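structure.cif (mmCIF, C-alpha atoms) appears below.
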data_data
loop_
_atom_site.label_atom_id
_atom_site.label_comp_id
_atom_site.auth_asym_id
_atom_site.auth_seq_id
_atom_site.Cartn_x
_atom_site.Cartn_y
_atom_site.Cartn_z
CA ASN A 4 123.63 -26.01 104.51
CA LEU A 5 125.55 -23.05 103.10
CA VAL A 6 128.56 -23.49 105.36
CA ILE A 7 128.93 -27.14 104.32
CA LEU A 8 128.61 -26.14 100.65
CA TYR A 9 131.31 -23.56 101.19
CA TYR A 10 133.86 -25.97 102.59
CA LYS A 11 133.15 -28.51 99.86
CA SER A 12 133.88 -25.88 97.20
CA SER A 13 137.48 -25.61 96.06
CA THR A 14 137.41 -21.82 95.90
CA ILE A 15 135.15 -18.96 96.92
CA ILE A 16 134.38 -18.46 93.22
CA ASP A 17 133.07 -22.05 93.01
CA TYR A 18 130.96 -21.35 96.07
CA VAL A 19 129.51 -18.12 94.72
CA ASN A 20 128.83 -19.67 91.33
CA LEU A 21 127.07 -22.59 93.00
CA LEU A 22 124.80 -20.24 94.93
CA CYS A 23 124.04 -18.17 91.85
CA TYR A 24 123.43 -21.24 89.65
CA THR A 25 121.05 -22.72 92.19
CA TYR A 26 119.21 -19.40 92.41
CA HIS A 27 118.71 -19.14 88.63
CA ILE A 28 117.45 -22.72 88.37
CA THR A 29 114.80 -22.06 91.03
CA ASN A 30 113.66 -18.97 89.14
CA GLY A 31 113.23 -20.72 85.82
CA GLY A 32 116.50 -19.36 84.44
CA ARG A 33 114.97 -15.94 83.83
CA VAL A 34 117.22 -12.88 83.82
CA TYR A 35 115.87 -9.65 85.31
CA PHE A 36 117.36 -6.20 85.41
CA MET A 37 117.77 -4.77 88.88
CA VAL A 38 118.95 -1.43 90.24
CA TYR A 39 120.60 -1.39 93.66
CA SER A 40 121.38 1.99 95.26
CA PHE A 41 123.78 2.03 98.22
CA ILE A 42 122.76 5.03 100.31
CA ASN A 43 123.09 6.67 103.70
CA GLN A 44 123.16 10.20 105.03
CA LYS A 45 126.48 9.52 106.76
CA GLY A 46 129.89 8.74 105.39
CA GLY A 47 132.11 5.93 106.62
CA VAL A 48 129.31 3.36 106.98
CA GLY A 49 130.67 1.02 104.28
CA LYS A 50 128.59 1.97 101.22
CA SER A 51 131.48 1.85 98.78
CA THR A 52 133.00 -1.29 100.30
CA LEU A 53 129.70 -3.14 99.99
CA ALA A 54 128.94 -1.75 96.52
CA PHE A 55 132.38 -2.76 95.20
CA ASN A 56 132.23 -6.31 96.55
CA PHE A 57 128.61 -6.67 95.45
CA ALA A 58 129.58 -5.64 91.90
CA ILE A 59 132.27 -8.33 91.84
CA TYR A 60 129.77 -10.89 93.14
CA CYS A 61 127.08 -10.01 90.59
CA SER A 62 129.48 -9.99 87.64
CA LEU A 63 130.17 -13.69 88.13
CA THR A 64 126.81 -14.54 86.62
CA LYS A 65 125.27 -11.35 85.23
CA ASN A 66 126.21 -8.41 83.03
CA THR A 67 126.79 -5.73 85.67
CA ILE A 68 127.57 -2.02 85.74
CA ALA A 69 128.52 0.18 88.68
CA ILE A 70 127.66 3.88 88.63
CA ASP A 71 129.89 5.87 90.97
CA LEU A 72 128.00 8.98 92.11
CA ASP A 73 130.40 9.64 94.98
CA PRO A 74 132.91 12.42 94.17
CA GLN A 75 135.49 10.55 96.25
CA GLY A 76 135.38 7.85 93.58
CA THR A 77 136.28 4.91 95.82
CA VAL A 78 134.62 2.29 93.61
CA THR A 79 136.14 3.95 90.54
CA LYS A 80 139.66 3.74 91.95
CA LEU A 81 139.15 0.08 92.80
CA LEU A 82 137.88 -0.90 89.35
CA THR A 83 139.92 1.31 87.02
CA ASP A 84 143.59 2.27 86.73
CA THR A 85 143.11 5.82 85.48
CA VAL A 86 140.16 8.18 85.29
CA ASP A 87 139.58 10.40 82.27
CA ASN A 88 137.31 13.31 83.19
CA SER A 89 135.64 12.94 79.81
CA LEU A 90 134.51 9.49 80.97
CA SER A 91 132.73 10.48 84.15
CA ALA A 92 129.27 10.17 85.63
CA SER A 93 129.29 13.96 85.77
CA ARG A 94 128.89 14.04 81.99
CA ILE A 95 125.45 12.44 82.37
CA PHE A 96 124.28 15.62 84.08
CA GLU A 97 125.56 17.60 81.07
CA GLY A 98 123.24 15.65 78.79
CA ILE A 99 125.95 13.41 77.30
CA ASP A 100 124.71 10.02 76.07
CA VAL A 101 125.32 7.48 78.83
CA ASP A 102 126.88 5.06 76.32
CA GLU A 103 129.79 7.47 75.91
CA VAL A 104 130.86 7.24 79.57
CA ILE A 105 130.73 3.47 80.08
CA VAL A 106 134.16 2.04 80.89
CA LYS A 107 134.85 -1.69 80.70
CA THR A 108 136.88 -3.02 83.61
CA ASN A 109 139.36 -5.88 83.54
CA ILE A 110 136.70 -8.06 85.16
CA LYS A 111 134.47 -10.05 82.85
CA GLN A 112 130.89 -8.79 82.70
CA LEU A 113 131.67 -5.72 84.82
CA SER A 114 131.62 -2.12 83.57
CA ILE A 115 131.65 1.19 85.42
CA ILE A 116 130.62 4.79 84.94
CA PRO A 117 133.40 6.50 86.93
CA GLY A 118 132.98 9.08 89.66
CA THR A 119 135.11 12.25 89.66
CA LEU A 120 135.45 15.31 91.88
CA ASP A 121 133.34 17.51 89.60
CA LEU A 122 130.28 15.43 90.45
CA GLU A 123 129.77 17.59 93.54
CA GLU A 124 129.07 20.62 91.40
CA LYS A 125 127.27 18.90 88.56
CA MET A 126 124.79 17.00 90.72
CA ASN A 127 123.87 20.14 92.63
CA THR A 128 123.24 22.28 89.59
CA ARG A 129 121.89 19.94 86.94
CA ASN A 130 118.51 18.35 86.47
CA LEU A 131 118.59 14.90 88.02
CA SER A 132 116.04 13.69 85.47
CA THR A 133 119.03 13.08 83.19
CA LEU A 134 120.18 10.38 85.62
CA LYS A 135 116.78 8.68 85.48
CA ALA A 136 116.91 8.72 81.68
CA ALA A 137 120.41 7.23 81.74
CA ILE A 138 119.30 4.43 84.06
CA SER A 139 116.36 3.65 81.77
CA LYS A 140 118.76 3.21 78.86
CA LEU A 141 121.22 1.10 80.87
CA LYS A 142 118.42 -1.28 81.83
CA ARG A 143 118.34 -2.40 78.18
CA GLN A 144 122.04 -3.31 78.29
CA PHE A 145 122.76 -4.62 81.80
CA ASP A 146 121.16 -7.14 84.13
CA ILE A 147 122.43 -5.46 87.30
CA ILE A 148 122.98 -1.74 87.91
CA ILE A 149 124.74 -0.79 91.15
CA VAL A 150 124.72 2.85 92.24
CA ASP A 151 127.15 4.08 94.88
CA THR A 152 126.23 7.49 96.29
CA ARG A 153 127.80 10.20 98.39
CA PRO A 154 126.60 10.68 101.98
CA SER A 155 123.67 13.07 101.86
CA LEU A 156 119.95 13.54 102.41
CA ASN A 157 119.44 15.83 99.44
CA THR A 158 117.87 15.41 96.01
CA VAL A 159 120.61 12.99 94.92
CA PHE A 160 119.63 10.72 97.82
CA GLU A 161 115.98 10.96 96.81
CA THR A 162 116.75 10.26 93.16
CA ALA A 163 118.87 7.23 94.10
CA LEU A 164 115.83 5.93 95.99
CA GLN A 165 113.48 6.55 93.08
CA ILE A 166 115.61 4.74 90.51
CA ALA A 167 116.31 1.70 92.72
CA ASN A 168 114.43 -1.55 92.90
CA VAL A 169 116.39 -2.23 96.07
CA PRO A 170 117.81 0.57 98.24
CA VAL A 171 120.65 -0.82 100.38
CA ILE A 172 121.28 1.12 103.59
CA PRO A 173 124.37 0.14 105.61
CA LEU A 174 124.16 1.00 109.30
CA LEU A 175 126.90 1.11 111.90
CA PRO A 176 126.08 0.15 115.52
CA GLU A 177 127.06 3.61 116.73
CA SER A 178 124.89 6.39 118.09
CA SER A 179 126.34 8.95 115.67
CA SER A 180 125.48 6.70 112.74
CA ILE A 181 121.81 6.22 113.64
CA TYR A 182 121.04 9.70 115.01
CA ASP A 183 119.25 10.80 111.81
CA LEU A 184 117.82 7.37 111.05
CA PRO A 185 114.14 8.34 111.64
CA HIS A 186 114.47 11.24 109.21
CA MET A 187 116.17 8.99 106.62
CA ILE A 188 113.37 6.43 106.93
CA ASP A 189 110.79 9.18 106.35
CA ILE A 190 112.57 10.12 103.12
CA ILE A 191 112.70 6.47 102.06
CA ILE A 192 108.95 6.11 102.61
CA LYS A 193 108.24 9.25 100.56
CA ASN A 194 110.42 8.20 97.61
CA SER A 195 110.33 4.41 97.58
CA ASN A 196 108.77 1.41 99.28
CA LEU A 197 110.24 0.68 102.69
CA THR A 198 109.42 -3.00 102.14
CA TYR A 199 112.09 -3.18 99.43
CA ALA A 200 114.77 -1.41 101.47
CA LYS A 201 117.59 -3.60 102.73
CA PHE A 202 119.15 -2.43 105.99
CA VAL A 203 122.59 -3.94 106.55
CA LEU A 204 124.20 -3.97 109.99
CA ASN A 205 127.84 -3.40 109.16
CA ASN A 206 131.23 -3.44 110.89
CA VAL A 207 129.92 -4.87 114.16
CA ASP A 208 132.57 -5.51 116.79
CA THR A 209 131.07 -7.81 119.42
CA ARG A 210 133.90 -6.94 121.82
CA ILE A 211 132.42 -3.45 122.15
CA LYS A 212 129.49 -3.31 124.56
CA THR A 213 127.72 -0.41 122.83
CA HIS A 214 127.90 -2.24 119.50
CA ASN A 215 126.02 -5.16 121.02
CA ILE A 216 123.41 -2.93 122.66
CA ILE A 217 122.74 -0.86 119.52
CA SER A 218 122.76 -3.95 117.29
CA ILE A 219 120.06 -5.58 119.40
CA SER A 220 118.02 -2.38 119.38
CA LEU A 221 118.25 -1.98 115.60
CA GLN A 222 117.20 -5.57 115.03
CA LYS A 223 114.09 -4.95 117.15
CA GLU A 224 113.16 -1.74 115.31
CA LEU A 225 114.08 -2.66 111.73
CA THR A 226 114.15 -5.68 109.47
CA ILE A 227 117.89 -6.21 109.19
CA THR A 228 119.06 -8.19 106.16
CA PRO A 229 121.12 -11.14 107.41
CA PRO A 230 123.83 -11.83 108.19
CA ILE A 231 125.37 -9.14 110.36
CA ILE A 232 128.69 -8.08 108.86
CA HIS A 233 131.32 -8.21 111.60
CA ALA A 234 134.32 -5.93 111.85
CA SER A 235 137.14 -7.56 109.96
CA ALA A 236 140.77 -6.81 109.21
CA ASP A 237 140.33 -8.82 106.02
CA ILE A 238 137.79 -6.33 104.70
CA LYS A 239 139.97 -3.32 105.53
CA ASN A 240 143.11 -4.93 104.13
CA SER A 241 141.39 -6.07 100.96
CA MET A 242 140.26 -2.52 100.23
CA SER A 243 143.73 -1.16 101.00
CA ASN A 244 145.13 -3.61 98.47
CA GLY A 245 142.51 -2.77 95.86
CA LYS A 246 140.94 -6.21 95.90
CA SER A 247 137.59 -7.70 96.74
CA VAL A 248 137.44 -9.74 99.92
CA PHE A 249 136.73 -12.78 97.72
CA GLU A 250 140.14 -12.43 96.08
CA PHE A 251 142.08 -11.19 99.10
CA ALA A 252 140.75 -13.60 101.74
CA PRO A 253 138.47 -16.14 100.01
CA TYR A 254 138.15 -18.48 102.99
CA SER A 255 137.61 -15.81 105.62
CA ARG A 256 134.51 -15.18 107.71
CA ALA A 257 134.17 -11.85 105.91
CA ALA A 258 133.95 -13.57 102.52
CA ARG A 259 131.33 -16.01 103.83
CA GLU A 260 129.28 -13.20 105.36
CA PHE A 261 129.42 -11.17 102.14
CA VAL A 262 128.27 -14.13 100.05
CA LEU A 263 125.34 -14.79 102.36
CA LEU A 264 124.41 -11.10 102.48
CA PHE A 265 124.56 -10.70 98.71
CA LYS A 266 122.46 -13.81 98.23
CA HIS A 267 119.81 -12.21 100.43
CA LEU A 268 120.04 -8.95 98.45
CA THR A 269 119.38 -10.78 95.20
CA GLU A 270 116.61 -13.04 96.47
CA GLY A 271 113.21 -12.38 94.94
CA GLU A 272 114.55 -10.34 92.02
CA LYS A 273 111.85 -9.01 89.78
CA SER A 274 111.59 -6.72 86.79
CA GLY A 275 112.19 -3.08 87.57
CA HIS A 276 110.00 -0.03 87.63
#
Written form, C-alpha cells:
Amino acid sequence: NLVILYYKSSTIIDYVNLLCYTYHITNGGRVYFMVYSFINQKGGVGKSTLAFNFAIYCSLTKNTIAIDLDPQGTVTKLLTDTVDNSLSASRIFEGIDVDEVIVKTNIKQLSIIPGTLDLEEKMNTRNLSTLKAAISKLKRQFDIIIVDTRPSLNTVFETALQIANVPVIPLLPESSSIYDLPHMIDIIIKNSNLTYAKFVLNNVDTRIKTHNIISISLQKELTITPPIIHASADIKNSMSNGKSVFEFAPYSRAAREFVLLFKHLTEGEKSGH
C-alpha cells in the first residue's frame, strides 16, 4: 500500500526513491530514454508546475533534462539563477548545436535548456525540424527529456506531440479550459497515438460544484491518469518560493498526489521512436 509505504519513509525523498527502485527492479533494471511533452492549448492549466516537479522527481533516479519552450520561462526561472540569452532554446532554431545550450542545474542529474522571450519569434519563423534533430541527439545523453511548451495549437504543439513518447495534457475542471478539447484531441490523433496521451485532471477544488460536475464528465469521456490533483495552497506556495512541492511540503497531500501521478506517468516506459 503506497500510503503505508509513505508514512514508513523518513522523508519524501526516501519514499520517491523506494517507488523508483521498486519500479526498476520489476523492469529488469533496464534504463530507457523517454520524452514527455507537457502541452495544452490554454495557459494556466499547470503545465509548468507539473513539468518542474516531474523533472525533480525523475532526476532522483535518472539523468534528466528539461527543455523550456515557453517564452515565459517558468521552469527556467525555477531551475536557474540567471539566464544568458546565448544559452537558450531559441538557439536550437538558429541551427546551434544543442550541446552548446545545455545548462547544468544545482540539482544532481538535472539539466535544462532555458526558455527566453525570443522563443516566440524563433519558433514561428524557423524550421521546427531542428528541434527534432536536437531531441534525437539528447536521447543519446539523457534518460528522460521533459518538454514544457507554451499554450498553443500551432506547429509547435504538433511538433511537441511528434517528438514525445508520452504527451501529458493537464486539464482544469472548468468550461473555459475544456471548450477546445475536441479540437485538441483531433490534433493529438493526427500527430501521435492517443493511447499514449496522459490526461491529468489538475487543480480540482471539490468545494466547487462545477468542478465536481466537470470532473465526473471528463472521467467518463477520457482516460484520466490517476490520481486527481486537488487544489492546494502547498503547490502554489512552493512555486512562489521557487521550490518543488517535495521540498516545500514533503508530507502534504499534494506531494503524495504528485508522487502517485508521476509513478503512473513513468509506468510502462519503453524505448522511444
Counting all atoms listed in the file, give me one row per residue of stretch 63-102 of chain A with an atom at most 12 Å from an atom of stretch 243-248 of chain A, showing the shortest contact pair and its distance in Å to one decimal, sorted by chain then residue number, as a Markdown table.
| residue | atom | partner | partner_atom | distance |
| --- | --- | --- | --- | --- |
| A:Thr77 | CA | A:Gly245 | CA | 9.9 |
| A:Val78 | CA | A:Gly245 | CA | 9.6 |
| A:Thr79 | CA | A:Gly245 | CA | 10.7 |
| A:Lys80 | CA | A:Gly245 | CA | 8.1 |
| A:Leu81 | CA | A:Gly245 | CA | 5.4 |
| A:Leu82 | CA | A:Gly245 | CA | 8.2 |
| A:Thr83 | CA | A:Gly245 | CA | 10.1 |
| A:Asp84 | CA | A:Gly245 | CA | 10.5 |
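Residues lying within 10 Å of (129.5, -5.9, 112.0). Counted over only C-alpha atoms, they are Leu174, Leu175, Pro176, Val203, Leu204, Asn205, Asn206, Val207, Asp208, Thr209, His214, Asn215, Ser218, Pro230, Ile231, Ile232, His233, Ala234, Ser235, Ala257 and Glu260 of chain A.
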Inset, instruction - Could you give me, as a list in words, the residues within 8 Å of A:Thr228, counting only C-alpha atoms and dropping anything in the same chain fewer than 4 positions from it? - result: Lys201, Phe202, Val203, Leu204, Leu264, His267 and Leu268 of chain A
Output C-alpha atoms for every residue in the selection just made, as an mmCIF file, in the frame of the given file.
data_model
loop_
_atom_site.group_PDB
_atom_site.id
_atom_site.type_symbol
_atom_site.label_atom_id
_atom_site.label_comp_id
_atom_site.auth_asym_id
_atom_site.auth_seq_id
_atom_site.Cartn_x
_atom_site.Cartn_y
_atom_site.Cartn_z
ATOM 1 C CA LYS A 201 117.590 -3.600 102.730
ATOM 2 C CA PHE A 202 119.150 -2.430 105.990
ATOM 3 C CA VAL A 203 122.590 -3.940 106.550
ATOM 4 C CA LEU A 204 124.200 -3.970 109.990
ATOM 5 C CA LEU A 264 124.410 -11.100 102.480
ATOM 6 C CA HIS A 267 119.810 -12.210 100.430
ATOM 7 C CA LEU A 268 120.040 -8.950 98.450
#
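Residues matched by the PyMOL selection byres ((chain A and resi 41) around 8) in this structure: A:Tyr39, A:Ser40, A:Ile42, A:Asn43, A:Lys50, A:Ser51, A:Ala54, A:Ile149, A:Val150, A:Asp151, A:Thr152, A:Pro170, A:Val171, A:Ile172, A:Pro173.
For the set A:Ser89, A:Ser178, A:Ser139, A:Thr133, the residue with the smallest atom-to-atom gap to A:Ile116 is A:Ser89, counting all atoms listed in the file.
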